[in-house]
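Structure file my_file-v8.pdb (PDB, C-alpha atoms) is printed below.
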```pdb
ATOM      1  CA  MET A   1      66.884  33.271 -44.328
ATOM      2  CA  ALA A   2      69.779  35.405 -43.130
ATOM      3  CA  ALA A   3      70.950  37.671 -45.885
ATOM      4  CA  ALA A   4      74.502  38.401 -46.897
ATOM      5  CA  GLU A   5      73.962  41.833 -48.373
ATOM      6  CA  PRO A   6      76.516  44.590 -47.699
ATOM      7  CA  ALA A   7      76.329  46.432 -44.422
ATOM      8  CA  GLU A   8      73.989  49.365 -44.073
ATOM      9  CA  PRO A   9      75.544  52.849 -44.069
ATOM     10  CA  ALA A  10      77.513  53.466 -40.892
ATOM     11  CA  GLU A  11      75.827  56.811 -40.330
ATOM     12  CA  GLN A  12      72.404  55.210 -40.008
ATOM     13  CA  LYS A  13      71.313  55.460 -36.363
ATOM     14  CA  ARG A  14      69.429  52.641 -34.692
ATOM     15  CA  LEU A  15      67.568  53.112 -31.453
ATOM     16  CA  VAL A  16      67.987  49.814 -29.623
ATOM     17  CA  LEU A  17      67.975  50.921 -25.976
ATOM     18  CA  PRO A  18      67.536  54.379 -24.430
ATOM     19  CA  GLY A  19      70.542  56.417 -23.368
ATOM     20  CA  ASN A  20      73.391  58.298 -24.987
ATOM     21  CA  CYS A  21      75.719  55.460 -25.907
ATOM     22  CA  PRO A  22      79.298  56.639 -26.639
ATOM     23  CA  ILE A  23      79.883  53.825 -29.131
ATOM     24  CA  ASN A  24      79.665  54.414 -32.874
ATOM     25  CA  TRP A  25      77.766  51.315 -33.946
ATOM     26  CA  LYS A  26      78.172  50.132 -37.532
ATOM     27  CA  PRO A  27      75.148  48.156 -38.799
ATOM     28  CA  GLN A  28      75.862  44.823 -40.461
ATOM     29  CA  GLY A  29      73.772  42.519 -42.631
ATOM     30  CA  ASN A  30      70.165  42.832 -43.641
ATOM     31  CA  TYR A  31      68.028  40.903 -41.190
ATOM     32  CA  GLN A  32      64.291  41.055 -40.612
ATOM     33  CA  ASP A  33      64.017  40.051 -36.947
ATOM     34  CA  VAL A  34      67.488  40.941 -35.679
ATOM     35  CA  LEU A  35      69.905  43.867 -35.565
ATOM     36  CA  LEU A  36      73.663  43.297 -35.679
ATOM     37  CA  ASP A  37      76.074  46.164 -35.031
ATOM     38  CA  LEU A  38      79.854  46.204 -34.660
ATOM     39  CA  SER A  39      82.189  48.798 -33.190
ATOM     40  CA  ASP A  40      85.833  49.705 -33.670
ATOM     41  CA  GLU A  41      86.362  49.069 -29.951
ATOM     42  CA  GLY A  42      85.872  45.306 -30.425
ATOM     43  CA  ILE A  43      82.273  45.100 -29.221
ATOM     44  CA  ALA A  44      79.327  43.606 -31.103
ATOM     45  CA  ARG A  45      75.672  44.286 -30.329
ATOM     46  CA  ILE A  46      73.021  41.740 -31.268
ATOM     47  CA  ALA A  47      69.396  42.675 -30.621
ATOM     48  CA  ILE A  48      66.111  40.879 -31.213
ATOM     49  CA  ASN A  49      64.004  43.315 -33.230
ATOM     50  CA  ARG A  50      60.399  42.247 -32.648
ATOM     51  CA  PRO A  51      59.287  44.724 -29.970
ATOM     52  CA  GLU A  52      55.645  44.444 -31.066
ATOM     53  CA  LYS A  53      55.863  40.736 -30.078
ATOM     54  CA  ARG A  54      57.743  41.454 -26.817
ATOM     55  CA  ASN A  55      60.807  40.246 -28.762
ATOM     56  CA  ALA A  56      59.474  36.696 -28.721
ATOM     57  CA  PHE A  57      61.341  34.503 -31.181
ATOM     58  CA  ARG A  58      60.011  32.554 -34.135
ATOM     59  CA  PRO A  59      62.109  30.182 -36.292
ATOM     60  CA  ARG A  60      63.251  33.054 -38.556
ATOM     61  CA  THR A  61      64.401  35.027 -35.506
ATOM     62  CA  VAL A  62      66.487  32.110 -34.303
ATOM     63  CA  VAL A  63      68.023  31.497 -37.742
ATOM     64  CA  GLU A  64      69.009  35.156 -37.947
ATOM     65  CA  LEU A  65      70.370  35.185 -34.384
ATOM     66  CA  TYR A  66      72.428  32.098 -35.159
ATOM     67  CA  ASP A  67      73.800  33.759 -38.278
ATOM     68  CA  ALA A  68      74.630  36.965 -36.388
ATOM     69  CA  PHE A  69      76.419  35.135 -33.571
ATOM     70  CA  SER A  70      78.266  33.000 -36.133
ATOM     71  CA  ARG A  71      79.480  36.101 -37.991
ATOM     72  CA  VAL A  72      80.795  37.550 -34.758
ATOM     73  CA  ARG A  73      82.418  34.248 -33.828
ATOM     74  CA  GLU A  74      84.534  34.397 -36.986
ATOM     75  CA  ASN A  75      85.515  38.056 -36.505
ATOM     76  CA  PRO A  76      88.918  38.197 -34.737
ATOM     77  CA  ARG A  77      88.469  41.891 -33.915
ATOM     78  CA  ILE A  78      85.430  41.291 -31.694
ATOM     79  CA  GLY A  79      85.862  40.048 -28.126
ATOM     80  CA  VAL A  80      82.580  40.908 -26.404
ATOM     81  CA  ILE A  81      78.950  40.632 -27.513
ATOM     82  CA  LEU A  82      76.131  42.657 -25.979
ATOM     83  CA  PHE A  83      72.897  40.686 -26.397
ATOM     84  CA  THR A  84      69.611  42.529 -25.915
ATOM     85  CA  GLY A  85      66.184  43.337 -27.318
ATOM     86  CA  VAL A  86      64.926  46.432 -29.123
ATOM     87  CA  GLY A  87      62.541  48.556 -27.099
ATOM     88  CA  PRO A  88      60.176  49.907 -26.209
ATOM     89  CA  SER A  89      57.206  48.597 -28.164
ATOM     90  CA  ALA A  90      54.472  50.961 -29.344
ATOM     91  CA  ASP A  91      52.690  50.602 -25.985
ATOM     92  CA  GLY A  92      55.865  51.573 -24.084
ATOM     93  CA  VAL A  93      56.781  48.084 -22.867
ATOM     94  CA  TYR A  94      60.404  46.899 -22.824
ATOM     95  CA  SER A  95      61.377  43.273 -23.396
ATOM     96  CA  PHE A  96      64.664  41.411 -23.608
ATOM     97  CA  CYS A  97      62.817  38.376 -24.933
ATOM     98  CA  ALA A  98      59.451  36.858 -23.984
ATOM     99  CA  GLY A  99      60.379  33.372 -25.191
ATOM    100  CA  GLY A 100      58.898  31.495 -28.107
ATOM    101  CA  ASP A 101      56.166  33.182 -30.140
ATOM    102  CA  GLN A 102      53.125  31.126 -29.162
ATOM    103  CA  SER A 103      51.173  32.431 -32.164
ATOM    104  CA  VAL A 104      53.340  30.286 -34.475
ATOM    105  CA  ARG A 105      53.627  27.252 -32.233
ATOM    106  CA  GLY A 106      52.292  24.075 -33.816
ATOM    107  CA  ASP A 107      52.483  20.345 -33.224
ATOM    108  CA  GLY A 108      56.108  19.474 -32.527
ATOM    109  CA  GLY A 109      57.558  22.989 -32.440
ATOM    110  CA  TYR A 110      57.337  26.513 -33.828
ATOM    111  CA  LEU A 111      56.249  26.654 -37.454
ATOM    112  CA  ASP A 112      58.604  28.288 -39.926
ATOM    113  CA  GLU A 113      57.476  29.959 -43.147
ATOM    114  CA  GLU A 114      57.279  26.565 -44.874
ATOM    115  CA  GLY A 115      55.140  25.125 -42.084
ATOM    116  CA  VAL A 116      57.938  22.937 -40.671
ATOM    117  CA  PRO A 117      57.831  22.655 -36.833
ATOM    118  CA  ARG A 118      61.183  23.606 -35.314
ATOM    119  CA  LEU A 119      62.938  23.904 -31.950
ATOM    120  CA  ASN A 120      66.045  25.485 -33.459
ATOM    121  CA  VAL A 121      66.547  27.684 -30.398
ATOM    122  CA  LEU A 122      68.430  24.697 -28.924
ATOM    123  CA  ASP A 123      71.143  25.214 -31.565
ATOM    124  CA  LEU A 124      71.327  28.899 -30.622
ATOM    125  CA  GLN A 125      71.648  28.032 -26.939
ATOM    126  CA  ARG A 126      74.687  25.850 -27.629
ATOM    127  CA  LEU A 127      76.278  28.551 -29.790
ATOM    128  CA  ILE A 128      75.923  31.234 -27.114
ATOM    129  CA  ARG A 129      77.314  28.790 -24.591
ATOM    130  CA  SER A 130      80.364  27.813 -26.640
ATOM    131  CA  ILE A 131      81.250  30.949 -28.628
ATOM    132  CA  PRO A 132      84.818  31.974 -27.607
ATOM    133  CA  LYS A 133      83.758  35.526 -26.817
ATOM    134  CA  VAL A 134      82.184  37.003 -23.687
ATOM    135  CA  VAL A 135      78.404  37.391 -24.105
ATOM    136  CA  ILE A 136      76.745  39.981 -21.851
ATOM    137  CA  ALA A 137      72.948  40.069 -21.614
ATOM    138  CA  LEU A 138      71.420  43.534 -21.293
ATOM    139  CA  VAL A 139      67.972  42.873 -19.859
ATOM    140  CA  ALA A 140      65.422  45.652 -20.117
ATOM    141  CA  GLY A 141      61.870  44.586 -19.267
ATOM    142  CA  TYR A 142      60.726  41.016 -19.731
ATOM    143  CA  ALA A 143      63.065  38.015 -19.816
ATOM    144  CA  ILE A 144      60.400  35.336 -19.681
ATOM    145  CA  GLY A 145      60.214  31.671 -20.688
ATOM    146  CA  GLY A 146      62.682  30.877 -23.452
ATOM    147  CA  GLY A 147      63.951  34.452 -23.173
ATOM    148  CA  GLN A 148      64.870  33.808 -19.566
ATOM    149  CA  VAL A 149      66.875  30.771 -20.754
ATOM    150  CA  LEU A 150      68.732  32.812 -23.401
ATOM    151  CA  HIS A 151      69.637  35.377 -20.748
ATOM    152  CA  LEU A 152      70.681  32.554 -18.435
ATOM    153  CA  LEU A 153      73.207  31.216 -20.959
ATOM    154  CA  CYS A 154      75.025  34.520 -21.390
ATOM    155  CA  ASP A 155      78.316  34.767 -19.499
ATOM    156  CA  LEU A 156      77.262  37.899 -17.654
ATOM    157  CA  SER A 157      73.940  39.659 -17.180
ATOM    158  CA  LEU A 158      73.111  43.272 -16.446
ATOM    159  CA  ALA A 159      69.508  44.150 -15.628
ATOM    160  CA  ALA A 160      67.660  47.431 -15.887
ATOM    161  CA  GLU A 161      65.524  48.373 -12.912
ATOM    162  CA  ASN A 162      62.420  47.474 -14.923
ATOM    163  CA  ALA A 163      63.577  43.910 -15.651
ATOM    164  CA  GLN A 164      61.202  41.022 -14.979
ATOM    165  CA  PHE A 165      62.310  37.384 -14.936
ATOM    166  CA  GLY A 166      60.354  34.165 -14.800
ATOM    167  CA  GLN A 167      59.216  30.936 -16.374
ATOM    168  CA  THR A 168      55.901  30.190 -18.032
ATOM    169  CA  GLY A 169      56.483  26.690 -19.426
ATOM    170  CA  PRO A 170      54.181  24.655 -17.164
ATOM    171  CA  ARG A 171      51.519  27.325 -17.651
ATOM    172  CA  VAL A 172      51.594  27.187 -21.466
ATOM    173  CA  GLY A 173      52.300  23.492 -21.925
ATOM    174  CA  SER A 174      56.042  23.708 -22.353
ATOM    175  CA  PHE A 175      59.334  23.339 -20.469
ATOM    176  CA  ASP A 176      63.111  23.431 -20.951
ATOM    177  CA  ALA A 177      64.610  20.330 -19.370
ATOM    178  CA  GLY A 178      68.099  21.177 -20.656
ATOM    179  CA  PHE A 179      70.078  24.297 -19.791
ATOM    180  CA  GLY A 180      66.867  25.962 -18.629
ATOM    181  CA  CYS A 181      66.795  23.643 -15.624
ATOM    182  CA  SER A 182      70.347  22.434 -15.065
ATOM    183  CA  HIS A 183      72.211  25.708 -15.540
ATOM    184  CA  LEU A 184      69.554  27.648 -13.647
ATOM    185  CA  ALA A 185      70.035  25.308 -10.666
ATOM    186  CA  ARG A 186      73.800  25.862 -10.868
ATOM    187  CA  LEU A 187      73.286  29.606 -10.598
ATOM    188  CA  VAL A 188      70.507  29.935  -8.018
ATOM    189  CA  GLY A 189      70.471  26.526  -6.309
ATOM    190  CA  GLN A 190      68.110  23.578  -6.575
ATOM    191  CA  ARG A 191      65.409  24.938  -4.250
ATOM    192  CA  LYS A 192      65.106  28.292  -5.991
ATOM    193  CA  ALA A 193      65.289  26.763  -9.470
ATOM    194  CA  ARG A 194      62.407  24.411  -8.659
ATOM    195  CA  GLU A 195      60.421  27.321  -7.267
ATOM    196  CA  ILE A 196      60.972  29.309 -10.468
ATOM    197  CA  TRP A 197      59.771  26.439 -12.674
ATOM    198  CA  PHE A 198      57.010  24.953 -10.506
ATOM    199  CA  LEU A 199      55.329  28.230  -9.468
ATOM    200  CA  CYS A 200      55.900  30.325 -12.622
ATOM    201  CA  ARG A 201      56.195  33.508 -10.612
ATOM    202  CA  ARG A 202      57.722  36.812 -11.749
ATOM    203  CA  TYR A 203      60.866  38.183 -10.137
ATOM    204  CA  ASN A 204      62.013  41.785 -10.357
ATOM    205  CA  ALA A 205      65.568  42.920 -11.009
ATOM    206  CA  HIS A 206      66.566  43.230  -7.353
ATOM    207  CA  GLN A 207      65.165  39.786  -6.527
ATOM    208  CA  ALA A 208      67.155  38.417  -9.480
ATOM    209  CA  LEU A 209      70.306  40.084  -8.161
ATOM    210  CA  ALA A 210      69.763  38.658  -4.671
ATOM    211  CA  MET A 211      69.461  35.092  -6.028
ATOM    212  CA  GLY A 212      72.530  35.409  -8.280
ATOM    213  CA  LEU A 213      70.607  35.457 -11.546
ATOM    214  CA  VAL A 214      72.160  38.779 -12.673
ATOM    215  CA  ASN A 215      75.441  40.548 -11.969
ATOM    216  CA  GLU A 216      74.195  44.092 -11.468
ATOM    217  CA  VAL A 217      71.080  46.290 -11.600
ATOM    218  CA  VAL A 218      71.271  49.751 -13.159
ATOM    219  CA  PRO A 219      68.786  52.424 -14.274
ATOM    220  CA  LEU A 220      67.295  51.723 -17.687
ATOM    221  CA  PHE A 221      68.848  54.854 -19.201
ATOM    222  CA  HIS A 222      72.331  53.620 -18.187
ATOM    223  CA  LEU A 223      71.924  49.931 -19.121
ATOM    224  CA  GLN A 224      73.643  50.031 -22.508
ATOM    225  CA  ASN A 225      76.459  52.273 -21.287
ATOM    226  CA  GLU A 226      77.075  49.938 -18.344
ATOM    227  CA  GLY A 227      77.309  47.021 -20.760
ATOM    228  CA  VAL A 228      79.804  48.945 -22.872
ATOM    229  CA  GLN A 229      81.883  49.742 -19.773
ATOM    230  CA  TRP A 230      81.994  46.074 -18.731
ATOM    231  CA  ALA A 231      82.945  45.127 -22.287
ATOM    232  CA  LEU A 232      85.768  47.666 -22.425
ATOM    233  CA  GLU A 233      87.185  46.351 -19.149
ATOM    234  CA  ILE A 234      87.124  42.774 -20.466
ATOM    235  CA  LEU A 235      88.820  43.843 -23.698
ATOM    236  CA  GLN A 236      91.832  45.101 -21.731
ATOM    237  CA  HIS A 237      92.621  41.520 -20.729
ATOM    238  CA  SER A 238      94.238  38.541 -22.441
ATOM    239  CA  PRO A 239      92.005  37.128 -25.222
ATOM    240  CA  THR A 240      93.561  33.674 -24.817
ATOM    241  CA  ALA A 241      93.006  33.670 -21.055
ATOM    242  CA  ILE A 242      89.366  34.749 -21.479
ATOM    243  CA  ARG A 243      88.727  32.064 -24.114
ATOM    244  CA  CYS A 244      90.265  29.341 -21.975
ATOM    245  CA  LEU A 245      88.430  30.501 -18.870
ATOM    246  CA  LYS A 246      85.076  30.376 -20.655
ATOM    247  CA  ALA A 247      85.849  26.885 -21.918
ATOM    248  CA  ALA A 248      86.945  25.841 -18.413
ATOM    249  CA  PHE A 249      83.742  27.093 -16.820
ATOM    250  CA  ASN A 250      81.765  25.114 -19.408
ATOM    251  CA  ALA A 251      83.887  21.975 -19.077
ATOM    252  CA  GLU A 252      82.891  21.535 -15.436
ATOM    253  CA  THR A 253      79.203  21.309 -16.324
ATOM    254  CA  ASP A 254      78.947  20.282 -19.989
ATOM    255  CA  GLY A 255      80.500  16.812 -19.910
ATOM    256  CA  MET A 256      82.370  15.644 -23.003
ATOM    257  CA  ALA A 257      81.216  18.653 -25.043
ATOM    258  CA  GLY A 258      82.674  20.994 -22.440
ATOM    259  CA  LEU A 259      85.924  19.037 -22.320
ATOM    260  CA  GLN A 260      86.094  19.242 -26.116
ATOM    261  CA  GLU A 261      85.914  23.052 -25.953
ATOM    262  CA  LEU A 262      88.675  23.223 -23.357
ATOM    263  CA  ALA A 263      90.807  20.726 -25.295
ATOM    264  CA  GLY A 264      90.391  22.800 -28.453
ATOM    265  CA  GLN A 265      91.731  25.873 -26.686
ATOM    266  CA  ALA A 266      94.692  23.848 -25.355
ATOM    267  CA  THR A 267      95.436  22.543 -28.855
ATOM    268  CA  HIS A 268      95.372  26.098 -30.199
ATOM    269  CA  LEU A 269      98.014  27.077 -27.634
ATOM    270  CA  PHE A 270     100.130  23.971 -28.311
ATOM    271  CA  TYR A 271     100.285  24.689 -32.052
ATOM    272  CA  LYS A 272     102.078  27.940 -31.205
ATOM    273  CA  THR A 273     104.890  26.250 -29.239
ATOM    274  CA  GLU A 274     108.281  25.216 -30.632
ATOM    275  CA  GLU A 275     107.413  21.649 -29.683
ATOM    276  CA  GLY A 276     104.236  21.727 -31.748
ATOM    277  CA  LYS A 277     105.997  23.352 -34.695
ATOM    278  CA  GLU A 278     108.792  20.750 -34.612
ATOM    279  CA  GLY A 279     106.311  17.898 -34.878
ATOM    280  CA  GLN A 280     104.611  19.480 -37.901
ATOM    281  CA  GLN A 281     107.904  20.380 -39.625
ATOM    282  CA  ALA A 282     109.310  16.897 -39.123
ATOM    283  CA  PHE A 283     106.224  15.393 -40.747
ATOM    284  CA  ILE A 284     106.507  17.746 -43.738
ATOM    285  CA  GLU A 285     110.251  17.025 -44.082
ATOM    286  CA  LYS A 286     109.678  13.266 -43.681
ATOM    287  CA  ARG A 287     112.138  12.894 -40.790
ATOM    288  CA  PRO A 288     111.841  11.789 -37.150
ATOM    289  CA  PRO A 289     110.902  14.677 -34.841
ATOM    290  CA  ASP A 290     113.551  15.966 -32.424
ATOM    291  CA  PHE A 291     111.990  16.701 -29.044
ATOM    292  CA  THR A 292     115.236  16.360 -27.076
ATOM    293  CA  GLY A 293     115.231  20.020 -26.097
ATOM    294  CA  VAL A 294     111.829  19.752 -24.426
ATOM    295  CA  PRO A 295     111.999  19.001 -20.671
ATOM    296  CA  TRP A 296     109.654  16.442 -19.050
ATOM    297  CA  LEU A 297     108.174  18.897 -16.542
TER     298      LEU A 297
END
```
Kindly transcribe the structure held in the file into structure tokens.
Amino acid sequence: MAAAEPAEPAEQKRLVLPGNCPINWKPQGNYQDVLLDLSDEGIARIAINRPEKRNAFRPRTVVELYDAFSRVRENPRIGVILFTGVGPSADGVYSFCAGGDQSVRGDGGYLDEEGVPRLNVLDLQRLIRSIPKVVIALVAGYAIGGGQVLHLLCDLSLAAENAQFGQTGPRVGSFDAGFGCSHLARLVGQRKAREIWFLCRRYNAHQALAMGLVNEVVPLFHLQNEGVQWALEILQHSPTAIRCLKAAFNAETDGMAGLQELAGQATHLFYKTEEGKEGQQAFIEKRPPDFTGVPWL
């Protein structure tokens, strides 16, 4: 579903969020439900582009989001991703993401264009969680249901003053018993997490800040610029340290999968050492490796 056509002209302007953003965004790809933009500063912006549906996702949306995040994952010039939703809609409402599009929900999942029921947002959740870049959610308006879970999985979250958070699963015959419960409880505590799921209430931006659900609340007009500022600060730091830190945070909660991420980062570092290079060279030269110069620290 995700196209591989050449990027759109760089001079084309896209209105994703209000405000005078200093970044020169360069559109990439040719998606239907998603916008992907890159910048020379090392920042990517991925936005759900279904404002008329409160940026609710359908299977196509998730496929395109997965493709966009995957492209950024493989781009060594990008270190930070700003994840948001296009707004406002025609009626003036802003939404980060209102969860799954209930109008296409069928038996067993959300129906794609071939009528196959899917829950492919689970794949997207794991990608956001494991991608070796910092993902910052920019939440304007509604982050509800599955949209609240996507925001939850981002490394950092900045909320506009109009942000609204909450769960709807038990009200619409659904739930997220994975990250939507476990990671939420890690962030806000067991009592508050159960309240959020069992009562299906709405929480404003300042309530979200007080419970540790977001990092900061800013005026809507400044939301994107604040995200850019956080990204630029992160990009001043060691890429290897940031990658390993993200993997380490995940390893504590994600079991074997989290340990695999952390181990992969350690292997990457080891390959760069003289010790690692000696082992490879000895194999190629068909001789015993010489590790005598390596101390047993």
* Find the residues near A:Leu150: any atom within 12 Å, counting only C-alpha atoms, skip ones fewer than 2 places away on the same chain, and give them as a ChimeraX atom specification. => /A:48,56-57,62,65,83-85,96-100,121-129,135-139,143-148,152-157,165,167,176,178-180,183-184
* Asked: Just how far from atom CA of A:Val72 is atom CA of A:Ala44, in Å to one decimal?
  ->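 Spanning atom CA of A:Ala44 to atom CA of A:Val72 is a straight-line distance of 7.2 Å.
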* Asked: Which residue gives the smallest distance to A:Tyr142 among A:Pro51, A:Gly264, A:Gly258, A:Gly189, with all atoms listed in the file counted?
  ->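 Looking only at the distances to A:Tyr142, the closest residue turns out to be A:Pro51.
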* d(atom CA of A:Ile46, atom CA of A:Ser89) in Å ->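 Atom CA of A:Ser89 lies at a distance of 17.5 Å from atom CA of A:Ile46.
When atom CA of A:Asp40 is paired with atom CA of A:Pro18, their separation reads 21.0 Å.
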May I have the protein, DNA and RNA residues with an atom at most 9 Å from (71.9, 32.4, -8.6), counting all atoms listed in the file in the file's coordinates, returned as a PDB file with C-alpha atoms, keeping the file's coordinate frame?
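Result saved to part-v2.pdb:
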```pdb
ATOM      1  CA  LEU A 184      69.554  27.648 -13.647  1.00  0.00           C
ATOM      2  CA  ALA A 185      70.035  25.308 -10.666  1.00  0.00           C
ATOM      3  CA  ARG A 186      73.800  25.862 -10.868  1.00  0.00           C
ATOM      4  CA  LEU A 187      73.286  29.606 -10.598  1.00  0.00           C
ATOM      5  CA  VAL A 188      70.507  29.935  -8.018  1.00  0.00           C
ATOM      6  CA  GLY A 189      70.471  26.526  -6.309  1.00  0.00           C
ATOM      7  CA  LYS A 192      65.106  28.292  -5.991  1.00  0.00           C
ATOM      8  CA  ALA A 193      65.289  26.763  -9.470  1.00  0.00           C
ATOM      9  CA  ALA A 208      67.155  38.417  -9.480  1.00  0.00           C
ATOM     10  CA  LEU A 209      70.306  40.084  -8.161  1.00  0.00           C
ATOM     11  CA  ALA A 210      69.763  38.658  -4.671  1.00  0.00           C
ATOM     12  CA  MET A 211      69.461  35.092  -6.028  1.00  0.00           C
ATOM     13  CA  GLY A 212      72.530  35.409  -8.280  1.00  0.00           C
ATOM     14  CA  LEU A 213      70.607  35.457 -11.546  1.00  0.00           C
ATOM     15  CA  VAL A 214      72.160  38.779 -12.673  1.00  0.00           C
TER      16      VAL A 214
END
```
* Taking the file as shown, find all residues satisfying the PyMOL selection byres ((chain A and resi 226) around 12) and write them as a ChimeraX atom specification. => /A:17,19-23,82,136-139,157-160,215-225,227-233
* Among the residues A:Ile78, A:Met256, A:Ala47, A:Leu262, the one that comes closest to A:Glu64 [using only C-alpha atoms] -> A:Ala47
* Can you tell me, as a PyMOL selection string, what residues are no more than 9 Å from A:Cys244 when counting only C-alpha atoms, ignoring any on the same chain fewer than 2 positions away? -> chain A and resi 132+239-242+246-249+261-262+265-266
* Determine the residue membership of the PyMOL selection byres ((chain A and resi 168) around 8) for the file above and supply it as a list in words. =>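 When the PyMOL selection byres ((chain A and resi 168) around 8) is applied to the shown file, the picked residues are Ile144, Gly145, Gly166, Gln167, Gly169, Pro170, Arg171, Val172, Ser174, Trp197 and Cys200 of chain A.
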Restricting the output to C-alpha atoms, write the selected residues as a tab-separated table (two decimals), keeping the file's coordinate frame.
```
chain	number	residue	atom	x	y	z
A	144	ILE	CA	60.40	35.34	-19.68
A	145	GLY	CA	60.21	31.67	-20.69
A	166	GLY	CA	60.35	34.16	-14.80
A	167	GLN	CA	59.22	30.94	-16.37
A	169	GLY	CA	56.48	26.69	-19.43
A	170	PRO	CA	54.18	24.66	-17.16
A	171	ARG	CA	51.52	27.32	-17.65
A	172	VAL	CA	51.59	27.19	-21.47
A	174	SER	CA	56.04	23.71	-22.35
A	197	TRP	CA	59.77	26.44	-12.67
A	200	CYS	CA	55.90	30.32	-12.62
```
* Mind listing whatever residues come within 10 Å of the point (68.1, 45.4, -39.2)? Use only C-alpha atoms, file coordinates, and give them as a ChimeraX atom specification. => /A:7-8,14,27-37,47-49
